[in-house]
file run.cif (mmCIF, C-alpha atoms)
data_my_file
#
loop_
_atom_site.label_atom_id
_atom_site.label_comp_id
_atom_site.auth_asym_id
_atom_site.auth_seq_id
_atom_site.Cartn_x
_atom_site.Cartn_y
_atom_site.Cartn_z
CA MET A 1 -3.31 30.93 -13.27
CA SER A 2 -5.67 27.94 -13.55
CA GLN A 3 -8.40 27.68 -10.94
CA CYS A 4 -11.54 25.59 -10.69
CA VAL A 5 -14.07 24.52 -8.10
CA PHE A 6 -15.28 20.97 -7.41
CA GLN A 7 -18.84 21.04 -6.13
CA GLY A 8 -21.98 18.94 -5.85
CA ALA A 9 -20.32 16.14 -3.87
CA GLU A 10 -20.06 14.87 -0.34
CA ILE A 11 -16.36 15.46 0.33
CA TRP A 12 -14.41 12.78 2.23
CA ALA A 13 -11.37 14.71 3.41
CA GLY A 14 -9.26 11.58 4.00
CA ASP A 15 -8.88 12.05 7.75
CA GLY A 16 -12.31 10.60 8.55
CA THR A 17 -14.20 13.88 8.33
CA THR A 18 -16.92 14.77 5.82
CA VAL A 19 -17.63 18.22 4.39
CA GLN A 20 -20.78 19.25 2.58
CA GLY A 21 -19.21 21.96 0.49
CA HIS A 22 -16.74 22.66 -2.29
CA LEU A 23 -13.05 22.29 -3.12
CA VAL A 24 -11.00 25.03 -4.79
CA VAL A 25 -8.01 23.89 -6.88
CA GLU A 26 -5.32 26.13 -8.33
CA ASN A 27 -2.60 24.84 -10.68
CA GLY A 28 -3.07 21.27 -9.51
CA VAL A 29 -2.92 22.10 -5.79
CA ILE A 30 -5.80 22.38 -3.32
CA LEU A 31 -6.31 26.01 -2.39
CA ALA A 32 -9.31 25.68 -0.07
CA LEU A 33 -11.92 23.27 1.27
CA ASN A 34 -15.02 25.15 2.36
CA ALA A 35 -18.43 24.20 3.68
CA GLY A 36 -21.53 25.27 1.83
CA PRO A 37 -22.19 26.11 -1.82
CA TYR A 38 -19.73 28.04 -3.98
CA ARG A 39 -20.96 31.47 -5.05
CA GLY A 40 -18.03 32.83 -7.06
CA ASP A 41 -17.17 33.04 -10.74
CA LEU A 42 -14.53 30.30 -11.12
CA ALA A 43 -14.98 27.41 -13.53
CA ARG A 44 -16.85 24.57 -11.88
CA VAL A 45 -16.76 20.78 -11.95
CA ASP A 46 -20.22 19.64 -10.86
CA LEU A 47 -20.10 16.10 -9.48
CA GLY A 48 -23.84 15.54 -9.40
CA GLY A 49 -24.14 13.92 -6.00
CA LEU A 50 -21.04 11.69 -6.11
CA SER A 51 -18.59 11.51 -3.20
CA LEU A 52 -15.12 13.02 -3.58
CA SER A 53 -12.01 11.65 -1.85
CA PRO A 54 -8.24 11.92 -2.15
CA GLY A 55 -6.61 9.62 -4.67
CA LEU A 56 -5.84 6.12 -3.45
CA ILE A 57 -2.30 5.01 -2.48
CA ASP A 58 -1.09 1.39 -2.75
CA LEU A 59 2.06 0.68 -0.74
CA MET A 60 2.70 -2.89 -1.95
CA LEU A 61 2.43 -3.58 -5.67
CA LEU A 62 4.46 -6.25 -7.47
CA GLY A 63 2.61 -5.95 -10.76
CA GLY A 64 -0.78 -6.01 -12.40
CA PHE A 65 -2.73 -5.96 -15.67
CA GLY A 66 -0.56 -8.77 -17.07
CA ARG A 67 2.70 -6.97 -16.27
CA SER A 68 5.33 -7.42 -13.56
CA ILE A 69 7.71 -4.94 -11.98
CA LEU A 70 10.59 -7.30 -12.77
CA ARG A 71 9.84 -7.70 -16.46
CA ASP A 72 8.05 -4.51 -17.51
CA ASP A 73 8.25 -0.73 -17.33
CA PRO A 74 6.56 0.25 -14.04
CA LEU A 75 4.95 3.25 -15.70
CA THR A 76 2.88 0.93 -17.91
CA ILE A 77 1.44 -0.60 -14.72
CA ALA A 78 0.96 2.82 -13.12
CA ALA A 79 -0.83 4.08 -16.23
CA GLU A 80 -3.43 1.32 -15.91
CA TYR A 81 -3.76 1.66 -12.15
CA ILE A 82 -4.58 5.36 -12.09
CA ARG A 83 -7.74 4.64 -14.10
CA LEU A 84 -9.04 2.74 -11.03
CA GLY A 85 -8.47 5.74 -8.77
CA VAL A 86 -5.01 4.76 -7.50
CA THR A 87 -3.06 7.96 -8.04
CA ALA A 88 0.14 6.87 -6.24
CA CYS A 89 1.84 3.52 -5.63
CA GLN A 90 4.94 2.02 -4.10
CA PHE A 91 6.29 -0.99 -5.95
CA CYS A 92 7.54 -4.04 -4.06
CA VAL A 93 9.99 -6.94 -4.48
CA GLY A 94 10.54 -10.02 -2.34
CA THR A 95 13.63 -12.21 -2.08
CA LEU A 96 15.41 -12.05 -5.43
CA PRO A 97 18.95 -12.33 -6.77
CA TRP A 98 20.89 -9.09 -6.37
CA GLU A 99 20.89 -8.45 -10.12
CA SER A 100 17.09 -8.62 -10.22
CA MET A 101 16.68 -6.29 -7.24
CA HIS A 102 19.08 -3.82 -8.85
CA GLN A 103 17.13 -4.02 -12.12
CA VAL A 104 13.84 -3.29 -10.36
CA ALA A 105 15.36 -0.41 -8.39
CA GLU A 106 16.66 1.16 -11.59
CA LYS A 107 13.29 0.84 -13.29
CA THR A 108 11.57 2.33 -10.26
CA ARG A 109 14.02 5.22 -10.08
CA ALA A 110 13.52 5.95 -13.77
CA GLY A 111 9.74 5.83 -13.37
CA MET A 112 9.92 8.24 -10.44
CA ALA A 113 12.01 10.64 -12.50
CA ARG A 114 9.74 10.53 -15.56
CA ASP A 115 6.56 11.03 -13.49
CA ALA A 116 4.12 10.68 -16.38
CA GLY A 117 1.03 12.85 -15.90
CA GLU A 118 -1.46 10.13 -16.86
CA ALA A 119 0.02 7.44 -14.60
CA ALA A 120 -0.05 6.91 -10.87
CA ARG A 121 2.76 8.64 -9.06
CA ILE A 122 5.56 6.15 -8.35
CA LEU A 123 6.58 6.77 -4.74
CA GLY A 124 9.48 4.33 -4.56
CA LEU A 125 10.31 0.71 -3.85
CA TYR A 126 9.49 -1.50 -0.86
CA LEU A 127 12.19 -4.12 -0.30
CA GLU A 128 10.12 -6.85 1.32
CA GLY A 129 13.19 -9.01 0.78
CA PRO A 130 15.95 -10.06 1.07
CA PHE A 131 16.02 -9.69 4.86
CA GLN A 132 13.41 -12.32 5.62
CA GLN A 133 13.50 -15.36 7.86
CA PRO A 134 14.53 -18.06 5.35
CA ASP A 135 11.83 -20.55 6.36
CA LEU A 136 9.10 -17.89 6.21
CA THR A 137 9.54 -16.34 2.78
CA GLY A 138 6.10 -17.45 1.57
CA ALA A 139 5.88 -17.43 -2.22
CA SER A 140 9.25 -15.68 -2.49
CA LEU A 141 12.45 -17.60 -3.20
CA GLY A 142 13.89 -18.66 0.16
CA GLU A 143 17.35 -19.35 -1.24
CA TYR A 144 17.88 -15.62 -1.76
CA ALA A 145 17.03 -14.59 1.81
CA LEU A 146 19.94 -12.83 3.53
CA VAL A 147 20.95 -11.81 7.02
CA PRO A 148 21.12 -8.01 7.41
CA SER A 149 24.87 -7.88 7.89
CA PRO A 150 26.60 -4.49 7.68
CA GLU A 151 27.93 -5.46 4.25
CA HIS A 152 24.50 -6.41 2.91
CA VAL A 153 22.88 -3.32 4.40
CA GLU A 154 25.44 -0.98 2.87
CA ARG A 155 25.08 -2.73 -0.47
CA VAL A 156 21.36 -1.98 -0.42
CA ILE A 157 21.87 1.64 0.60
CA ASP A 158 24.67 2.31 -1.90
CA GLY A 159 23.52 0.08 -4.75
CA LEU A 160 19.77 0.59 -4.76
CA GLY A 161 19.88 4.17 -3.60
CA PRO A 162 17.03 6.68 -3.56
CA ALA A 163 14.52 4.34 -5.19
CA VAL A 164 14.14 2.43 -1.90
CA THR A 165 11.62 4.02 0.44
CA LEU A 166 10.68 1.10 2.74
CA VAL A 167 12.77 -1.89 3.87
CA ASN A 168 11.66 -5.01 5.71
CA VAL A 169 14.09 -6.27 8.35
CA ALA A 170 12.79 -9.46 9.96
CA PRO A 171 13.27 -9.38 13.73
CA GLY A 172 15.27 -12.31 15.04
CA LEU A 173 17.84 -12.26 12.25
CA GLN A 174 21.41 -11.71 13.36
CA GLY A 175 22.20 -8.00 13.30
CA ALA A 176 18.58 -6.92 12.77
CA PRO A 177 18.49 -4.02 15.29
CA ASP A 178 21.74 -2.54 13.94
CA ALA A 179 20.37 -2.85 10.41
CA VAL A 180 17.18 -1.02 11.43
CA ARG A 181 19.22 1.84 12.90
CA ARG A 182 21.40 2.09 9.79
CA PHE A 183 18.44 2.15 7.42
CA ARG A 184 16.79 4.84 9.52
CA GLU A 185 19.99 6.89 9.39
CA ALA A 186 19.86 6.55 5.60
CA GLY A 187 16.32 7.98 5.57
CA LYS A 188 14.44 4.72 4.96
CA VAL A 189 11.24 3.64 6.67
CA VAL A 190 11.62 0.17 8.22
CA ALA A 191 9.00 -2.58 8.40
CA MET A 192 8.90 -5.96 10.12
CA ALA A 193 7.50 -9.01 8.36
CA HIS A 194 8.24 -12.66 7.49
CA SER A 195 9.40 -13.55 10.98
CA ASN A 196 8.27 -15.56 14.00
CA ALA A 197 10.78 -13.94 16.36
CA ASP A 198 10.16 -13.82 20.08
CA VAL A 199 8.89 -10.66 21.70
CA GLU A 200 12.30 -9.59 23.00
CA ALA A 201 13.81 -9.67 19.50
CA ILE A 202 10.81 -7.80 18.09
CA ARG A 203 11.05 -5.07 20.71
CA ARG A 204 14.76 -4.58 20.04
CA CYS A 205 13.89 -3.76 16.43
CA VAL A 206 11.07 -1.44 17.49
CA ASP A 207 13.46 0.27 19.90
CA ALA A 208 15.85 0.71 16.97
CA GLY A 209 13.21 2.42 14.81
CA THR A 210 10.90 -0.08 13.11
CA THR A 211 7.54 1.68 12.55
CA VAL A 212 5.60 -0.55 10.12
CA LEU A 213 4.08 -4.02 10.41
CA GLY A 214 4.05 -5.75 7.04
CA HIS A 215 0.87 -7.63 5.96
CA ALA A 216 -0.69 -8.25 9.38
CA TRP A 217 -1.63 -11.85 10.27
CA ASP A 218 0.32 -13.19 7.27
CA ASN A 219 3.81 -13.46 8.73
CA ASN A 220 3.81 -16.74 10.64
CA SER A 221 1.48 -19.42 11.98
CA GLY A 222 1.95 -18.34 15.60
CA ARG A 223 4.37 -19.16 18.39
CA VAL A 224 3.97 -21.80 21.07
CA GLY A 225 6.26 -21.82 24.10
CA ASP A 226 7.87 -24.82 25.77
CA SER A 227 4.86 -25.24 28.03
CA GLY A 228 2.48 -25.35 25.04
CA VAL A 229 1.15 -21.83 25.67
CA GLN A 230 0.74 -19.35 22.83
CA GLN A 231 3.42 -16.63 22.73
CA PRO A 232 3.38 -13.10 21.26
CA THR A 233 4.26 -12.56 17.58
CA LEU A 234 4.89 -9.50 15.41
CA GLU A 235 1.16 -8.85 15.29
CA HIS A 236 0.67 -8.89 19.04
CA VAL A 237 3.48 -6.40 19.57
CA ALA A 238 2.01 -4.13 16.88
CA LEU A 239 -1.41 -4.32 18.51
CA THR A 240 -0.01 -3.06 21.80
CA ASP A 241 2.89 -0.76 20.86
CA ASP A 242 1.95 2.61 19.35
CA ARG A 243 5.47 3.04 18.00
CA ILE A 244 4.33 0.75 15.19
CA ARG A 245 2.48 3.57 13.50
CA SER A 246 1.36 1.78 10.34
CA ILE A 247 -0.07 -1.71 9.92
CA HIS A 248 -0.37 -3.13 6.42
CA LEU A 249 -3.46 -5.25 5.78
CA ILE A 250 -4.29 -7.40 2.75
CA CYS A 251 -8.08 -7.23 2.66
CA ASP A 252 -9.00 -9.78 0.00
CA GLY A 253 -11.04 -11.95 2.37
CA THR A 254 -8.60 -14.87 2.18
CA HIS A 255 -5.27 -13.63 3.54
CA VAL A 256 -6.93 -12.30 6.71
CA HIS A 257 -10.19 -13.44 8.28
CA PRO A 258 -12.66 -10.62 9.07
CA VAL A 259 -12.46 -11.51 12.79
CA MET A 260 -8.72 -10.74 12.69
CA ILE A 261 -9.49 -7.44 10.98
CA ASP A 262 -11.93 -6.65 13.78
CA ILE A 263 -9.25 -7.38 16.40
CA LEU A 264 -6.87 -5.03 14.63
CA LEU A 265 -9.50 -2.31 14.37
CA ARG A 266 -10.52 -2.60 18.03
CA CYS A 267 -6.92 -2.55 19.30
CA ARG A 268 -5.37 0.14 17.14
CA GLY A 269 -8.24 1.95 15.44
CA VAL A 270 -8.68 2.84 11.81
CA GLU A 271 -5.89 5.44 12.08
CA SER A 272 -3.14 2.80 11.98
CA ILE A 273 -4.39 0.61 9.11
CA CYS A 274 -3.01 0.82 5.58
CA LEU A 275 -4.74 -1.43 3.07
CA VAL A 276 -2.19 -2.94 0.67
CA THR A 277 -2.75 -5.27 -2.25
CA ASP A 278 0.39 -7.41 -2.49
CA GLY A 279 -0.86 -7.48 -6.06
CA ASN A 280 1.06 -9.50 -8.64
CA GLN A 281 1.11 -9.58 -12.43
CA ARG A 282 -2.36 -11.17 -12.70
CA SER A 283 -4.12 -8.53 -10.62
CA GLY A 284 -6.73 -6.94 -12.82
CA CYS A 285 -6.75 -9.95 -15.16
CA GLN A 286 -9.11 -12.85 -15.67
CA ASP A 287 -8.89 -15.93 -13.48
CA GLY A 288 -6.71 -18.80 -14.66
CA SER A 289 -3.26 -20.32 -14.46
CA PHE A 290 -0.09 -18.39 -15.34
CA LEU A 291 3.69 -18.58 -15.14
CA SER A 292 5.52 -16.29 -12.74
CA ASP A 293 8.72 -14.50 -13.73
CA ASP A 294 10.80 -17.36 -12.29
CA GLY A 295 8.87 -19.99 -14.24
CA ARG A 296 6.68 -21.36 -11.47
CA ARG A 297 3.01 -22.00 -12.24
CA PHE A 298 0.36 -20.23 -10.17
CA THR A 299 -3.40 -19.97 -10.45
CA LYS A 300 -5.52 -16.88 -9.93
CA ALA A 301 -9.05 -17.48 -8.61
CA ASP A 302 -11.39 -15.79 -6.14
CA GLY A 303 -9.13 -12.77 -5.73
CA VAL A 304 -5.95 -14.63 -4.73
CA CYS A 305 -3.11 -16.53 -6.37
CA ARG A 306 -2.02 -20.00 -5.29
CA THR A 307 0.74 -22.45 -6.06
CA ASP A 308 -0.06 -25.83 -7.60
CA GLY A 309 0.01 -27.15 -4.03
CA GLY A 310 -2.71 -24.71 -2.94
CA TRP A 311 -0.51 -22.35 -0.88
CA LEU A 312 -1.20 -18.63 -1.11
CA ALA A 313 1.12 -16.83 -3.51
CA GLY A 314 -0.07 -13.26 -3.15
CA SER A 315 -3.32 -11.43 -3.67
CA ALA A 316 -4.89 -10.58 -7.00
CA LEU A 317 -7.37 -7.89 -6.00
CA LEU A 318 -6.58 -4.23 -6.56
CA LEU A 319 -7.01 -1.39 -4.11
CA PRO A 320 -10.60 -0.27 -4.87
CA ASP A 321 -11.72 -3.86 -4.27
CA MET A 322 -9.71 -4.04 -1.04
CA PHE A 323 -11.46 -0.84 0.09
CA ARG A 324 -14.90 -2.19 -0.74
CA ASN A 325 -14.06 -5.36 1.20
CA PHE A 326 -12.88 -3.35 4.21
CA VAL A 327 -16.13 -1.38 4.30
CA ARG A 328 -18.13 -4.60 3.99
CA PHE A 329 -16.17 -6.45 6.68
CA THR A 330 -16.03 -3.63 9.24
CA GLY A 331 -19.26 -1.72 8.69
CA LEU A 332 -17.36 1.57 8.87
CA PRO A 333 -18.75 4.50 6.90
CA PRO A 334 -16.80 4.91 3.66
CA ALA A 335 -15.88 8.47 4.64
CA VAL A 336 -14.07 7.05 7.69
CA ALA A 337 -12.67 3.92 6.04
CA ILE A 338 -11.20 5.97 3.17
CA ARG A 339 -8.22 6.98 5.32
CA THR A 340 -6.90 3.39 5.11
CA VAL A 341 -6.16 3.96 1.41
CA THR A 342 -5.35 7.69 1.46
CA LEU A 343 -4.06 9.56 4.52
CA ASN A 344 -2.70 6.55 6.42
CA PRO A 345 -0.43 5.25 3.64
CA ALA A 346 0.75 8.78 2.88
CA ALA A 347 1.61 9.34 6.55
CA SER A 348 3.44 6.01 6.79
CA LEU A 349 5.98 7.31 4.27
CA GLY A 350 6.02 10.85 5.66
CA LEU A 351 4.17 12.24 2.62
CA ASP A 352 0.98 13.44 4.34
CA ASN A 353 2.02 17.07 3.89
CA ARG A 354 1.56 16.51 0.15
CA LEU A 355 -0.71 13.50 -0.44
CA GLY A 356 -3.60 11.60 1.09
CA ARG A 357 -5.81 14.43 2.34
CA LEU A 358 -8.06 17.09 0.87
CA ALA A 359 -6.61 20.17 2.53
CA PRO A 360 -4.87 23.37 1.43
CA GLY A 361 -1.40 22.76 0.04
CA ARG A 362 -1.97 19.12 -0.92
CA VAL A 363 -1.91 18.05 -4.55
CA ALA A 364 -5.31 17.68 -6.17
CA ASP A 365 -5.28 13.92 -6.68
CA LEU A 366 -8.99 13.14 -6.50
CA VAL A 367 -11.46 10.29 -6.91
CA ALA A 368 -15.24 10.55 -7.33
CA TRP A 369 -17.32 7.57 -6.11
CA ASP A 370 -20.91 6.53 -6.59
CA ARG A 371 -23.07 5.00 -3.86
CA GLN A 372 -21.95 1.48 -4.78
CA LEU A 373 -18.34 2.61 -4.17
CA ARG A 374 -17.44 2.40 -7.81
CA VAL A 375 -14.76 4.77 -9.05
CA CYS A 376 -16.45 7.14 -11.49
CA ARG A 377 -13.94 9.90 -12.14
CA VAL A 378 -10.22 10.43 -11.41
CA TRP A 379 -7.97 13.51 -11.36
CA ARG A 380 -4.20 13.68 -10.96
CA GLY A 381 -2.88 17.09 -10.03
CA GLY A 382 -6.24 18.58 -10.98
CA CYS A 383 -6.23 17.05 -14.50
CA GLU A 384 -8.87 14.44 -15.25
CA VAL A 385 -7.80 10.95 -16.28
CA ALA A 386 -10.11 8.48 -18.05
CA ALA A 387 -11.54 6.23 -15.33
CA VAL A 388 -12.65 2.59 -15.61
CA SER A 389 -15.72 2.59 -13.42
CA SER A 390 -16.91 -0.85 -14.55
CA PHE A 391 -13.91 -2.66 -13.03
CA ALA A 392 -14.84 -4.35 -9.75
CA GLU A 393 -14.43 -7.90 -8.52
CA VAL A 394 -16.01 -7.02 -5.16
CA ARG A 395 -19.45 -5.43 -5.09
CA LEU A 396 -21.30 -4.23 -2.01
#

call {"tool": "encode", "arguments": {"input": "run.cif", "output": "structure tokens"}}
result
Amino acid sequence: MSQCVFQGAEIWAGDGTTVQGHLVVENGVILALNAGPYRGDLARVDLGGLSLSPGLIDLMLLGGFGRSILRDDPLTIAAEYIRLGVTACQFCVGTLPWESMHQVAEKTRAGMARDAGEAARILGLYLEGPFQQPDLTGASLGEYALVPSPEHVERVIDGLGPAVTLVNVAPGLQGAPDAVRRFREAGKVVAMAHSNADVEAIRRCVDAGTTVLGHAWDNNSGRVGDSGVQQPTLEHVALTDDRIRSIHLICDGTHVHPVMIDILLRCRGVESICLVTDGNQRSGCQDGSFLSDDGRRFTKADGVCRTDGGWLAGSALLLPDMFRNFVRFTGLPPAVAIRTVTLNPAASLGLDNRLGRLAPGRVADLVAWDRQLRVCRVWRGGCEVAAVSSFAEVRL
């Protein structure tokens, strides 16, 4: 039986609370979190005044470190990401040909099954496409957007199988509420994104079981009614309907203005926010131009990627940087803000009984931070992984 004690750190439990004490780990699982100094005989990990949190969880990753989920083995991406403190991730695809989606799902399923100890846990696949409003697919390929017909829905369920954990169904598409219900019956979490549907269409999807808002404030440019008056969008419904339990937020400083982050925080509180990266193959790489998997040329600069025409084509910051930005923009204490990258994303997928919190029975995925919010040390299941503390594009 392998036991050890983590001590000498301010412990951020993941739920917004802080404990001045010690953490007992047994066989990779948290046995106890206690206040005060440890006085027993177990082996100790002395953290020397660092802060200790749960491992970070990224719910929207398309690639990184020069690799893409479409072209490369996802475990090679996950093996780089864990060194930045991200101990679990959900990969993501937009609107793609069926063959490409099937390829990504198979790679994701294989990565989940292999579960390499020195890589971030692969939680599954977020299908951000193909069920997007065709004129609002962003940097994705609009020609592959589909309506969520019963045939298309069953093809996803049967053909992509257990790899899929989260599915976007854009409100306003024909058959969207029925698709939401069917995906929920199949055990999938359902998001809403890439739509400028009216409030009635949005509410029908929420009634059917949609619980996640995809990348808040990045879905449409707003709605204006016949009289020229602004109308509600996905975001406004999510701000006022607690049935949308999780709100994804890209916090790179470009996708969403800090004022919009403040609105979200004031309306729904920190408990609903999940920071996501929308990170692509150039995340974690130097700035410069590059070719995407479909041959289009993009440029990475200032934490985002853009097309040659200047339109946003995804973020290029990784989750520790998003977290540092969120703390800087909101002024929240890191011990409170940490839940946006730990407990909240775990809860959004129904995994909070296992991940995202430092509490008995949860796996010992841990991150130690210094006062500049740099990742200093990382553990997965109680085993230390070599961290890259020098990596940071955003500094406080």

call {"tool": "resolve_selection", "arguments": {"input": "run.cif", "expression": "the PyMOL selection byres ((chain A and resi 123-140) around 6)", "output": "number ranges by chain"}}
result
A: 89-95, 122, 141-142, 145-148, 163-170, 194-195, 313

call {"tool": "atom_distance", "arguments": {"input": "run.cif", "atom1": "CA of Leu160 in chain A", "atom2": "CA of Pro74 in chain A"}}
result
16.1 Å

call {"tool": "closest_residue", "arguments": {"input": "run.cif", "among": "A:Met192, A:Leu332, A:Ala9, A:Leu84", "to": "Ser53 in chain A", "atoms": "all atoms listed in the file"}}
result
A:Ala9

call {"tool": "atom_distance", "arguments": {"input": "run.cif", "atom1": "CA of Val237 in chain A", "atom2": "CA of Arg266 in chain A"}}
result
14.6 Å

call {"tool": "residues_around", "arguments": {"input": "run.cif", "residues": "Asp241 in chain A", "least_positions_apart": "4", "cutoff": "12 Å", "atoms": "only C-alpha atoms", "output": "JSON list (two decimals) with C-alpha atoms, in the frame of the given file"}}
result
[["chain", "number", "residue", "atom", "x", "y", "z"],
["A", 199, "VAL", "CA", 8.89, -10.66, 21.70],
["A", 202, "ILE", "CA", 10.81, -7.80, 18.09],
["A", 203, "ARG", "CA", 11.05, -5.07, 20.71],
["A", 206, "VAL", "CA", 11.07, -1.44, 17.49],
["A", 207, "ASP", "CA", 13.46, 0.27, 19.90],
["A", 210, "THR", "CA", 10.90, -0.08, 13.11],
["A", 211, "THR", "CA", 7.54, 1.68, 12.55],
["A", 212, "VAL", "CA", 5.60, -0.55, 10.12],
["A", 213, "LEU", "CA", 4.08, -4.02, 10.41],
["A", 234, "LEU", "CA", 4.89, -9.50, 15.41],
["A", 235, "GLU", "CA", 1.16, -8.85, 15.29],
["A", 236, "HIS", "CA", 0.67, -8.89, 19.04],
["A", 237, "VAL", "CA", 3.48, -6.40, 19.57],
["A", 245, "ARG", "CA", 2.48, 3.57, 13.50],
["A", 246, "SER", "CA", 1.36, 1.78, 10.34],
["A", 247, "ILE", "CA", -0.07, -1.71, 9.92],
["A", 267, "CYS", "CA", -6.92, -2.55, 19.30],
["A", 268, "ARG", "CA", -5.37, 0.14, 17.14],
["A", 272, "SER", "CA", -3.14, 2.80, 11.98]]

call {"tool": "closest_residue", "arguments": {"input": "run.cif", "among": "A:Ala193, A:Ala238, A:Ile244, A:Ala216", "to": "His257 in chain A", "atoms": "all atoms listed in the file"}}
result
A:Ala216

call {"tool": "closest_residue", "arguments": {"input": "run.cif", "among": "A:Cys274, A:Cys305, A:Val153, A:Ala364", "to": "Arg181 in chain A", "atoms": "only C-alpha atoms"}}
result
A:Val153

call {"tool": "residues_near_point", "arguments": {"input": "run.cif", "point": "(4.6, -16.0, 21.7)", "cutoff": "8 Å", "atoms": "all atoms listed in the file", "output": "list in words"}}
result
Asp198, Val199, Gly222, Arg223, Val224, Gly225, Val229, Gln230, Gln231, Pro232 and Thr233 of chain A

call {"tool": "atom_distance", "arguments": {"input": "run.cif", "atom1": "CA of Val327 in chain A", "atom2": "CA of Leu373 in chain A"}}
result
9.6 Å

call {"tool": "residues_around", "arguments": {"input": "run.cif", "residues": "Arg377 in chain A", "least_positions_apart": "3", "cutoff": "9 Å", "atoms": "only C-alpha atoms", "output": "MDAnalysis selection string"}}
result
chainID A and resid 83:85 366:369 384:389

call {"tool": "closest_atom_pairs", "arguments": {"input": "run.cif", "of": "range 112-202 of chain A", "to": "range 77-81 of chain A", "cutoff": "9 Å", "atoms": "only C-alpha atoms", "output": "CSV"}}
result
residue,atom,partner,partner_atom,distance
A:Ala116,CA,A:Ala79,CA,8.3
A:Gly117,CA,A:Ala79,CA,9.0
A:Glu118,CA,A:Ala79,CA,6.1
A:Ala119,CA,A:Ala79,CA,3.8
A:Ala120,CA,A:Ala78,CA,4.8
A:Arg121,CA,A:Ala78,CA,7.3
A:Ile122,CA,A:Ala78,CA,7.4

call {"tool": "write_last_selection", "arguments": {"input": "run.cif", "atoms": "C-alpha atoms", "output": "short mmCIF file (atom, residue, chain, number, x, y, z; two decimals), in the coordinates of the input"}}
result
data_model
loop_
_atom_site.label_atom_id
_atom_site.label_comp_id
_atom_site.auth_asym_id
_atom_site.auth_seq_id
_atom_site.Cartn_x
_atom_site.Cartn_y
_atom_site.Cartn_z
CA ALA A 116 4.12 10.68 -16.38
CA GLY A 117 1.03 12.85 -15.90
CA GLU A 118 -1.46 10.13 -16.86
CA ALA A 119 0.02 7.44 -14.60
CA ALA A 120 -0.05 6.91 -10.87
CA ARG A 121 2.76 8.64 -9.06
CA ILE A 122 5.56 6.15 -8.35
#

call {"tool": "closest_residue", "arguments": {"input": "run.cif", "among": "A:Asp41, A:Asp321, A:Asp58, A:Asp242", "to": "Glu271 in chain A", "atoms": "all atoms listed in the file"}}
result
A:Asp242

call {"tool": "closest_residue", "arguments": {"input": "run.cif", "among": "A:Cys251, A:Gly382, A:Ser348, A:Arg67", "to": "Val189 in chain A", "atoms": "all atoms listed in the file"}}
result
A:Ser348

call {"tool": "resolve_selection", "arguments": {"input": "run.cif", "expression": "the PyMOL selection byres ((chain A and resi 308) around 9)", "output": "list in words"}}
result
Arg296, Arg297, Phe298, Thr299, Arg306, Thr307, Gly309, Gly310 and Trp311 of chain A

call {"tool": "residues_around", "arguments": {"input": "run.cif", "residues": "Pro97 in chain A", "least_positions_apart": "4", "cutoff": "9 Å", "atoms": "all atoms listed in the file", "output": "list of chain:residue names"}}
result
A:Met101, A:His102, A:Pro130, A:Tyr144

call {"tool": "resolve_selection", "arguments": {"input": "run.cif", "expression": "the PyMOL selection byres ((chain A and resi 314) around 7)", "output": "PyMOL selection string"}}
result
chain A and resi 278-280+304-305+312-313+315-316

call {"tool": "residues_around", "arguments": {"input": "run.cif", "residues": "Leu70 in chain A", "least_positions_apart": "6", "cutoff": "9 Å", "atoms": "only C-alpha atoms", "output": "short mmCIF file (atom, residue, chain, number, x, y, z; two decimals) with C-alpha atoms, keeping the file's coordinate frame"}}
result
data_model
loop_
_atom_site.label_atom_id
_atom_site.label_comp_id
_atom_site.auth_asym_id
_atom_site.auth_seq_id
_atom_site.Cartn_x
_atom_site.Cartn_y
_atom_site.Cartn_z
CA LEU A 62 4.46 -6.25 -7.47
CA GLY A 63 2.61 -5.95 -10.76
CA VAL A 93 9.99 -6.94 -4.48
CA SER A 100 17.09 -8.62 -10.22
CA MET A 101 16.68 -6.29 -7.24
CA GLN A 103 17.13 -4.02 -12.12
CA VAL A 104 13.84 -3.29 -10.36
CA LYS A 107 13.29 0.84 -13.29
CA ASP A 293 8.72 -14.50 -13.73
#

call {"tool": "closest_residue", "arguments": {"input": "run.cif", "among": "A:Thr330, A:Gln174, A:Ser51, A:Thr108", "to": "Pro162 in chain A", "atoms": "only C-alpha atoms"}}
result
A:Thr108
